Structures are given as structure tokens and as C-alpha cells.
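Undergrad: This is the structure I want to talk about, given as C-alpha cells.
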Amino acid sequence: MKIIDARVIVSSPGRNFVTLKITTDEGVTGLGDATLNGRELSVVSYLRDHVVPLLIGLDPHRIEDTWQSLYRGAYWRRGPVTMAAIAAVDVALWDIKAKVAGLPLYQLLGGASRDRVRTYGHANGRDIPELLDSVRARLAEGYRSVRVQTGVPGLETVYGVHAGTAIAPTSADGVRVDARALPVVEDWDTGAYLRHLPRVLEAVRAEFGPDLPLLHDAHHRLTPQQAARLGKEIERYDLFWLEDCTPAEDQSALRLVRQHTTTPLAVGEVFNTVYDYQTLIDERLIDYVRSAVTHFGGVTPMRKLFDYAATRQIKSAIHGPEDISPVGMAAAIHLDLAIHNFGIQEYSGYTPRTHEVFRHAFTFDDGHLHPGEAPGIGVELDEELAAAHPYSPAYLPVNRLADGTVHDW
Ligand code: GCO
Ligand code: MG
């Protein structure tokens with residue numbers, strides 16, 4: 001079997017997605033997700049200009065060899081652009097292999113280790129009453145675990161509450177009308193946040209009781225000392241996890257946090273390789289690894305990451321916001337079902353148009369996902385519909401303190 005074609009398809013059915021479609025001489029096709037939110041076209045170029053020419057003529061079954069040659073052969077290894085491009089190839093090849101075998105991907109990964117995949121959803125509110133309503137709405141949708149984020153008194157915009165992405169205005173049918181989108185500037189005050197969060201968690205626990213698994217994302221905004229203090233202060237609210245409390249590329253920072261609190265810690269959505277986790281896993285400084293299949297080089301290295309994490313009783317929590325396409329999400333759900341050290345899967349759903357463009361076998365029911373039984377990863381891209389929703393320039397926001405200093409967003 002040979003690869004005869006590989007094409008990059010960019011579409012924006014509500015937000016931008018970059019999809020790689022690999023075709024073989026036997027007519028079998030595979031899809032991979034290469035979406036890097038806010039920097040999408042860099043991965044398009046990396047794939048089109050530098051990776052696709054290397055794929056033509058290869059045996060699609062040689063997944064490990066292709067992965068190693070793209071990773072080592074570039075010499076300039078790692079980084080989000082490179083690893084998103086490699087991920088798209090890797091997932092598309094797993095899709096092809098599983099289709100040829102006539103099996104859903106999870107069967108090739110060892111088969112199901114559980115019946116279904118538990119998820120958490122996002123609850124957001126400008127203030128506490130609005131947040132409580134949002135938690136109620138998630139519970140009504142079936143979610144059994146909820147991430148809670150609120151506005152902070154005195155701040156106008158806060159992560160997870162304000163519409164996060166600056167996207168060029170589109171007409172009603174989704175066609176771009178203005179290409180001048182620039183990042184939204186949000187405001188931030190760590191002191192106000194640290195004073196407010198315990199009150200938020202107090203209110204949520206008072207309303208929903210002790211049993212509801214609660215998560216919170218600090219989105220890389222704290223120093224190790226602030227994170228240590230916060231983790232200790234909120235222990236009584238029994239969080240499922242505190243996510244990205246510090247910018248975790250400074251891995252040793254987590255030592256200080258860990259020494260002071262038993263609040264579980266989740267890290268890794270911006271990581272690209274296992275090396276980003278080396279200290280964190282070796283020294284058991286975290287409880288959950290959060291990488292996305294889409295940004296970590298695909299199913300092949302994610303499997304290795306989970307096995308490494310398992311040696312320290314660290315569990316999976318694959319990144320799954322709406323900027324991971326249904327293709328990347330499907331690959332994640334197959335892994336979730338198969339690995340032993342599964343923790344939880346983030347899932348916030350998609351726009352109806354996205355479900356139409358990416359028809360998928362995975363299902364969401366009663367707060368749980370299942371990858372379905374379709375051969376491969378179980379996603380088909382409607383290319384005609386995708387073409388009706390062209391790329392729309394978009395940025396993630398930028399955070400600034402009151403005096404204008406840039407802060408981690
Ligand atoms: C999460 C994340 C995301 C990121 C987003 C950036 O935990 O889901 O923090 O929402 O902000 O992926 O593109
Ligand atoms: Mg996060």
C-alpha cells in the first residue's frame with residue numbers, strides 16, 4: 001500500500017480547524033487534526049510545504065518509522081507547529097491502519113479498558129449566581145464533573161468567561177467579511193483573583209454539595225508561591241484538580257507548589273513532547289497529564305506518555321476544548337477508552353455546523369463519551385460543506401495588568 005495524496009483542508013465552521021487528509025493507492029483515506037489555535041496557517045505551511053512531499057510513496061502502515069523520520073529527520077525537533085503537523089500525519093495513518101483492519105482504533109490500542117469515557121464540562125459566569133446557573137445547565141446536559149470559572153470583582157474580562165477568541169466578523173452564513181481581527185486585550189489582577197476564588201468554591205460547594213467533582217483552571221497565571229498558597233487554602237473544597245497553576249515550562253516551580261498542598265494538580269496542555277514532563281513525572285509533581293493528541297505528535301507519543309505517567313500513578317486528562325477539532329477529539333476518545341490510567345476527558349461540545357462538517361461516530365451521552373464502532377477513528381469530513389466555511393483570521397486574547405504589563409493569559 002502506498003500514500004498517493006495528502007491534502008490540507010482549512011475550514012471555519014464556527015472556528016478555524018486544520019485537517020490533513022491522506023489518500024492511499026487502494027482508495028483508503030485517513031484524517032488528522034493539525035489545529036493550532038491562533039497560529040493555524042503556520043501548521044498549514046509546515047504540512048503543505050515541508051511534510052506532504054515526504055509522504056508521497058510511503059507505506060502508510062509504517063507509522064512508527066514515519067513518526068521518527070518526521071521528528072528526527074527535520075533536525076529542528078519539538079515545538080507546537082512541528083508537533084501539530086506530525087500529529088496530523090500520525091492520526092491519519094492510525095485512521096488508515098484501523099480502517100484496513102476493519103476495526104475502531106481503540107481495538108488496535110489494546111481494546112477497551114472501560115465501557116465509556118467520563119468527561120468534564122465548562123461552567124462559566126460573570127459572577128457567582130451566573131456561575132451557579134451555568135453549573136446547573138451543565139448538570140442538565142448530563143455532565144457529572146464540572147470546571148468552574150468566574151469573573152473576578154474589579155476585572156472586566158476573565159479567562160473562560162469573556163468570549164475568548166478574537167475572530168473576524170462573519171456574516172450570518174459564516175462567510176468572512178473582515179480580515180482585520182486582532183487580539184482582544186483582557187485585564188488581570190492576581191491579588192483580586194486569589195481573594196475571590198475561595199468564595200466561589202465555597203458557594204459552589206454550598207449549592208451542589210460535597211460529591212460533585214469540581215475542577216478549576218488557573219491558566220498559567222500564578223507564581224509558585226501564589227499557587228502553593230492557593231492550593232493550600234482551597235484544600236477544604238476538595239477539587240478534582242487545580243489546572244495550570246503556574247507556567248509549567250518551569251518544571252521545578254511545581255516542587256514548591258507540591259511541598260505545600262495536597263490539592264491535585266493537572267498540567268500539560270501547552271506541552272509538545274514527553275521531555276516537557278520529565279521532572280514533573282519523575283518526581284511525581286503532578287497528578288494528571290493534559291496534552292492534546294493534536295499538539296503532542298499524535299496517538300503514537302501519547303500512548304508512550306501515558307505508559308510513562310502510569311509508572312508514577314499519574315493519570316490522563318486529554319486536552320479537549322472546542323479548538324481541538326472533532327478529528328483530534330475522536331483520536332483522544334479512542335485512547336481514553338483503551339489506556340489503563342485514564343483519568344478524565346475534557347469535552348465542551350461543538351457548534352451544530354461543526355458536527356455537520358465533521359460527521360463522527362463518537363457519541364456524548366449522560367456525561368460520557370464513546371468513540372463508536374466505525375472502522376478507523378470514525379470521522380468523515382464533508383469537504384464541500386467545509387469549503388463553504390473558509391479560514392477566518394483569529395487570535396487568542398492577550399492579558400495586561402492595570403499598569404499595562406503583559407501577563408500570562
Ligand atoms: C482548557 C484550555 C483552553 C485553552 C485554549 C487555547 O483547559 O480547555 O485552557 O480553553 O485556553 O485551548 O486555545
Ligand atoms: Mg486549561
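Chain labels A, B, ... are given in the sequence in which chains occur in the C-alpha cells; within each chain residues are numbered consecutively from 1, and ligands are likewise numbered from 1 in the order shown.
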Taking only C-alpha atoms and all ligand atoms into account, produce a table as a Markdown table in which each residue of chain A with an atom at most 8 Å from an atom of ligand 1 appears once, together with its shortest atom pair and the distance in Å to one decimal, ordered by chain and rising number.
TA:
```
| residue | atom | partner | partner_atom_place_in_ligand_line | distance |
| --- | --- | --- | --- | --- |
| A:Leu36 | CA | ligand 1 | 13 (O) | 7.5 |
| A:Asn37 | CA | ligand 1 | 13 (O) | 5.0 |
| A:Gly38 | CA | ligand 1 | 13 (O) | 7.3 |
| A:Tyr159 | CA | ligand 1 | 11 (O) | 7.6 |
| A:Gly160 | CA | ligand 1 | 10 (O) | 7.0 |
| A:Gly164 | CA | ligand 1 | 11 (O) | 7.8 |
| A:Asp217 | CA | ligand 1 | 7 (O) | 6.3 |
| A:His219 | CA | ligand 1 | 9 (O) | 5.9 |
| A:Glu243 | CA | ligand 1 | 7 (O) | 7.5 |
| A:Glu269 | CA | ligand 1 | 2 (C) | 7.0 |
| A:His319 | CA | ligand 1 | 8 (O) | 6.1 |
| A:Gly320 | CA | ligand 1 | 8 (O) | 6.1 |
| A:Pro321 | CA | ligand 1 | 8 (O) | 4.4 |
| A:Glu322 | CA | ligand 1 | 12 (O) | 7.4 |
| A:Asp323 | CA | ligand 1 | 12 (O) | 5.9 |
| A:Ile324 | CA | ligand 1 | 12 (O) | 7.5 |
| A:Glu346 | CA | ligand 1 | 8 (O) | 7.1 |
| A:Leu396 | CA | ligand 1 | 13 (O) | 6.7 |
```
Undergrad: Run DSSP on the backbone of this structure and report the residues of range 58-223 of chain A it assigns to helix (DSSP H, G or I), as a PyMOL selection string.
TA: chain A and resi 63-73+80-101+105-108+128-141+190-208
Undergrad: Atoms to include: C-alpha atoms. Write the selected residues as a compact mmCIF listing (two decimals), in the first residue's frame.
TA:
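Final output, part.txt:
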```
# COMPACT_ATOMS: atom_id res chain seq x y z
CA ILE A 63 3.52 4.61 11.45
CA GLU A 64 6.40 4.48 13.96
CA ASP A 65 9.01 4.80 11.22
CA THR A 66 7.20 7.74 9.60
CA TRP A 67 6.84 9.43 13.00
CA GLN A 68 10.55 9.03 13.78
CA SER A 69 11.61 10.26 10.37
CA LEU A 70 9.45 13.40 10.64
CA TYR A 71 10.64 14.06 14.22
CA ARG A 72 14.35 13.28 13.83
CA GLY A 73 14.66 13.98 10.12
CA PRO A 80 3.92 23.36 18.71
CA VAL A 81 3.99 23.86 14.93
CA THR A 82 6.18 20.84 14.23
CA MET A 83 4.35 18.57 16.66
CA ALA A 84 0.88 19.58 15.43
CA ALA A 85 1.97 18.74 11.89
CA ILE A 86 3.42 15.37 12.94
CA ALA A 87 0.26 14.68 14.97
CA ALA A 88 -1.92 15.14 11.90
CA VAL A 89 0.15 12.62 9.93
CA ASP A 90 0.25 10.15 12.82
CA VAL A 91 -3.51 10.21 13.44
CA ALA A 92 -4.30 9.96 9.71
CA LEU A 93 -2.05 6.89 9.46
CA TRP A 94 -3.68 5.25 12.50
CA ASP A 95 -7.06 6.02 10.90
CA ILE A 96 -5.96 4.24 7.71
CA LYS A 97 -4.48 1.25 9.55
CA ALA A 98 -7.63 0.76 11.60
CA LYS A 99 -9.86 1.13 8.54
CA VAL A 100 -7.83 -1.50 6.70
CA ALA A 101 -8.17 -3.79 9.72
CA LEU A 105 -8.89 2.44 16.50
CA TYR A 106 -9.27 1.58 20.19
CA GLN A 107 -9.16 -2.12 19.27
CA LEU A 108 -5.65 -1.68 17.81
CA ILE A 128 -21.27 33.66 41.41
CA PRO A 129 -25.05 33.49 40.70
CA GLU A 130 -24.37 33.28 36.96
CA LEU A 131 -21.80 30.54 37.59
CA LEU A 132 -24.27 28.54 39.68
CA ASP A 133 -26.78 28.75 36.80
CA SER A 134 -24.11 27.58 34.42
CA VAL A 135 -23.27 24.58 36.65
CA ARG A 136 -26.99 23.71 36.69
CA ALA A 137 -27.06 23.89 32.89
CA ARG A 138 -24.08 21.51 32.57
CA LEU A 139 -25.68 19.05 35.00
CA ALA A 140 -28.90 19.21 32.97
CA GLU A 141 -26.86 18.32 29.86
CA THR A 190 -3.73 38.14 40.75
CA GLY A 191 -4.48 39.50 44.24
CA ALA A 192 -8.16 40.02 43.44
CA TYR A 193 -8.35 36.53 41.91
CA LEU A 194 -6.71 34.87 44.94
CA ARG A 195 -9.16 36.61 47.28
CA HIS A 196 -12.17 35.70 45.13
CA LEU A 197 -11.66 32.04 44.19
CA PRO A 198 -12.16 30.53 47.70
CA ARG A 199 -15.50 32.38 47.91
CA VAL A 200 -16.53 30.96 44.55
CA LEU A 201 -15.72 27.40 45.59
CA GLU A 202 -17.48 27.92 48.93
CA ALA A 203 -20.64 28.99 47.09
CA VAL A 204 -20.49 26.10 44.61
CA ARG A 205 -19.99 23.52 47.37
CA ALA A 206 -22.82 25.09 49.43
CA GLU A 207 -25.16 24.80 46.45
CA PHE A 208 -24.17 21.42 44.99
```
Undergrad: What is the distance between CA of Lys304 in chain A and CA of His340 in chain A, in Å to one decimal?
TA: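 Rounded to one decimal, the two atoms are 12.5 Å apart.
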Undergrad: Would you return as a ChimeraX atom specification the members of range 37-124 of chain A that DSSP assigns to strand (DSSP E or B) on this structure's backbone?
TA: /A:104,117-124
Undergrad: Those same residues - C-alpha atoms - I'd like them written as an mmCIF file, in the first residue's frame.
TA:
```
data_model
loop_
_atom_site.group_PDB
_atom_site.id
_atom_site.type_symbol
_atom_site.label_atom_id
_atom_site.label_comp_id
_atom_site.auth_asym_id
_atom_site.auth_seq_id
_atom_site.Cartn_x
_atom_site.Cartn_y
_atom_site.Cartn_z
ATOM 1 C CA PRO A 104 -12.264 1.022 15.508
ATOM 2 C CA VAL A 117 -15.237 7.724 28.950
ATOM 3 C CA ARG A 118 -16.167 10.188 31.666
ATOM 4 C CA THR A 119 -15.905 13.861 30.810
ATOM 5 C CA TYR A 120 -15.995 17.267 32.418
ATOM 6 C CA GLY A 121 -17.757 20.300 31.004
ATOM 7 C CA HIS A 122 -17.203 24.032 31.426
ATOM 8 C CA ALA A 123 -19.320 26.240 33.699
ATOM 9 C CA ASN A 124 -18.631 29.973 33.492
#
```
Undergrad: Nearest to Ala292 in chain A among A:Asp5, A:Asp33, A:Asp49, A:Asp250, with distances taken over only C-alpha atoms: which residue is it?
TA: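 Of A:Asp5, A:Asp33, A:Asp49, A:Asp250, the one nearest Ala292 in chain A is A:Asp33, counting only C-alpha atoms.
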Undergrad: Which residues are close to Val406 in chain A, i.e. within 12 Å by only C-alpha atoms, leaving aside same-chain residues fewer than 3 positions away? Reply as an MDAnalysis selection string.
TA: chainID A and resid 185:189 221 397:403 409
Undergrad: Could you pull the residues within 9 Å of Val274 in chain A, counting only C-alpha atoms, minus those fewer than 5 positions along the same chain, as a PyMOL selection string?
TA: chain A and resi 296+301-302+304-305+308
Undergrad: What gap, in Å, lies between CA of Ile333 in chain A and CA of His370 in chain A?
TA: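 Pair CA of Ile333 in chain A / CA of His370 in chain A returns 6.7 Å.
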Undergrad: If you measure from CA of Leu215 in chain A to CA of Leu109 in chain A, what distance in Å do you get, rounded to one decimal?
TA: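 Between these atoms lies a distance of 28.6 Å.
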Undergrad: Using only C-alpha atoms, determine which residues lie at most 7 Å from Asp244 in chain A, disregarding the query and same-chain residues fewer than 3 positions distant; provide the list as a list in words.
TA: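 Residues near the query, excluding close chain neighbours: Asp217, Ala218, His219, His220, Pro247, Ala248, Ala266 and Val267 of chain A.
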Undergrad: Just the selected residues (C-alpha atoms), exported as a tab-separated table (two decimals), in the first residue's frame, please.
TA:
```
chain	number	residue	atom	x	y	z
A	217	ASP	CA	-8.13	26.27	35.58
A	218	ALA	CA	-5.69	28.97	36.78
A	219	HIS	CA	-4.40	29.25	33.19
A	220	HIS	CA	-0.68	29.68	33.95
A	247	PRO	CA	3.59	28.47	33.66
A	248	ALA	CA	4.76	24.85	33.81
A	266	ALA	CA	-3.04	19.00	36.27
A	267	VAL	CA	-0.54	20.29	33.73
```
Undergrad: At a cut-off of 10 Å, using only C-alpha atoms, what residues contact Asp276 in chain A? Leave out same-chain residues fewer than 2 positions from it and give the result as a ChimeraX atom specification.
TA: /A:78,248-251,268,270-274,278-281
Undergrad: Counting only C-alpha atoms and all ligand atoms, which of A:His216, A:His355, A:Arg255, A:Lys232 gets nearest to ligand 2?
TA: A:His216
Undergrad: Skipping near chain neighbours, those fewer than 4 positions away, what residues fall within 8 Å of Asp127 in chain A using only C-alpha atoms, listed as a list of chain:residue names?
TA: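 The residues that qualify are A:Leu131, A:Thr150, A:Gly151, A:Val152.
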Undergrad: Any chance you can output those residues with N, CA and C atoms as a short mmCIF file (atom, residue, chain, number, x, y, z; two decimals), in the first residue's frame?
TA:
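Saved result, part.cif, follows:
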```cif
data_model
loop_
_atom_site.label_atom_id
_atom_site.label_comp_id
_atom_site.auth_asym_id
_atom_site.auth_seq_id
_atom_site.Cartn_x
_atom_site.Cartn_y
_atom_site.Cartn_z
N LEU A 131 -22.55 31.81 37.61
CA LEU A 131 -21.80 30.54 37.59
C LEU A 131 -22.68 29.39 38.08
N THR A 150 -15.03 31.95 37.08
CA THR A 150 -15.90 33.14 37.18
C THR A 150 -15.11 34.42 36.93
N GLY A 151 -15.90 35.46 36.69
CA GLY A 151 -15.34 36.80 36.69
C GLY A 151 -14.82 37.13 38.08
N VAL A 152 -13.88 38.07 38.14
CA VAL A 152 -13.28 38.50 39.40
C VAL A 152 -13.72 39.94 39.63
#
```
Undergrad: With only C-alpha atoms and all ligand atoms as the basis for distance, which of A:Ala332, A:Val257, A:Val148, A:Leu285 is at the shortest distance from ligand 2?
TA: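 Of A:Ala332, A:Val257, A:Val148, A:Leu285, the one nearest ligand 2 is A:Val148, counting only C-alpha atoms and all ligand atoms.
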Undergrad: Which is closer to Gly349 in chain A than all the others in A:Tyr277, A:Phe364, A:Tyr391, A:Phe17, using only C-alpha atoms?
TA: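 Among the listed residues, the smallest separation from Gly349 in chain A belongs to A:Phe364.
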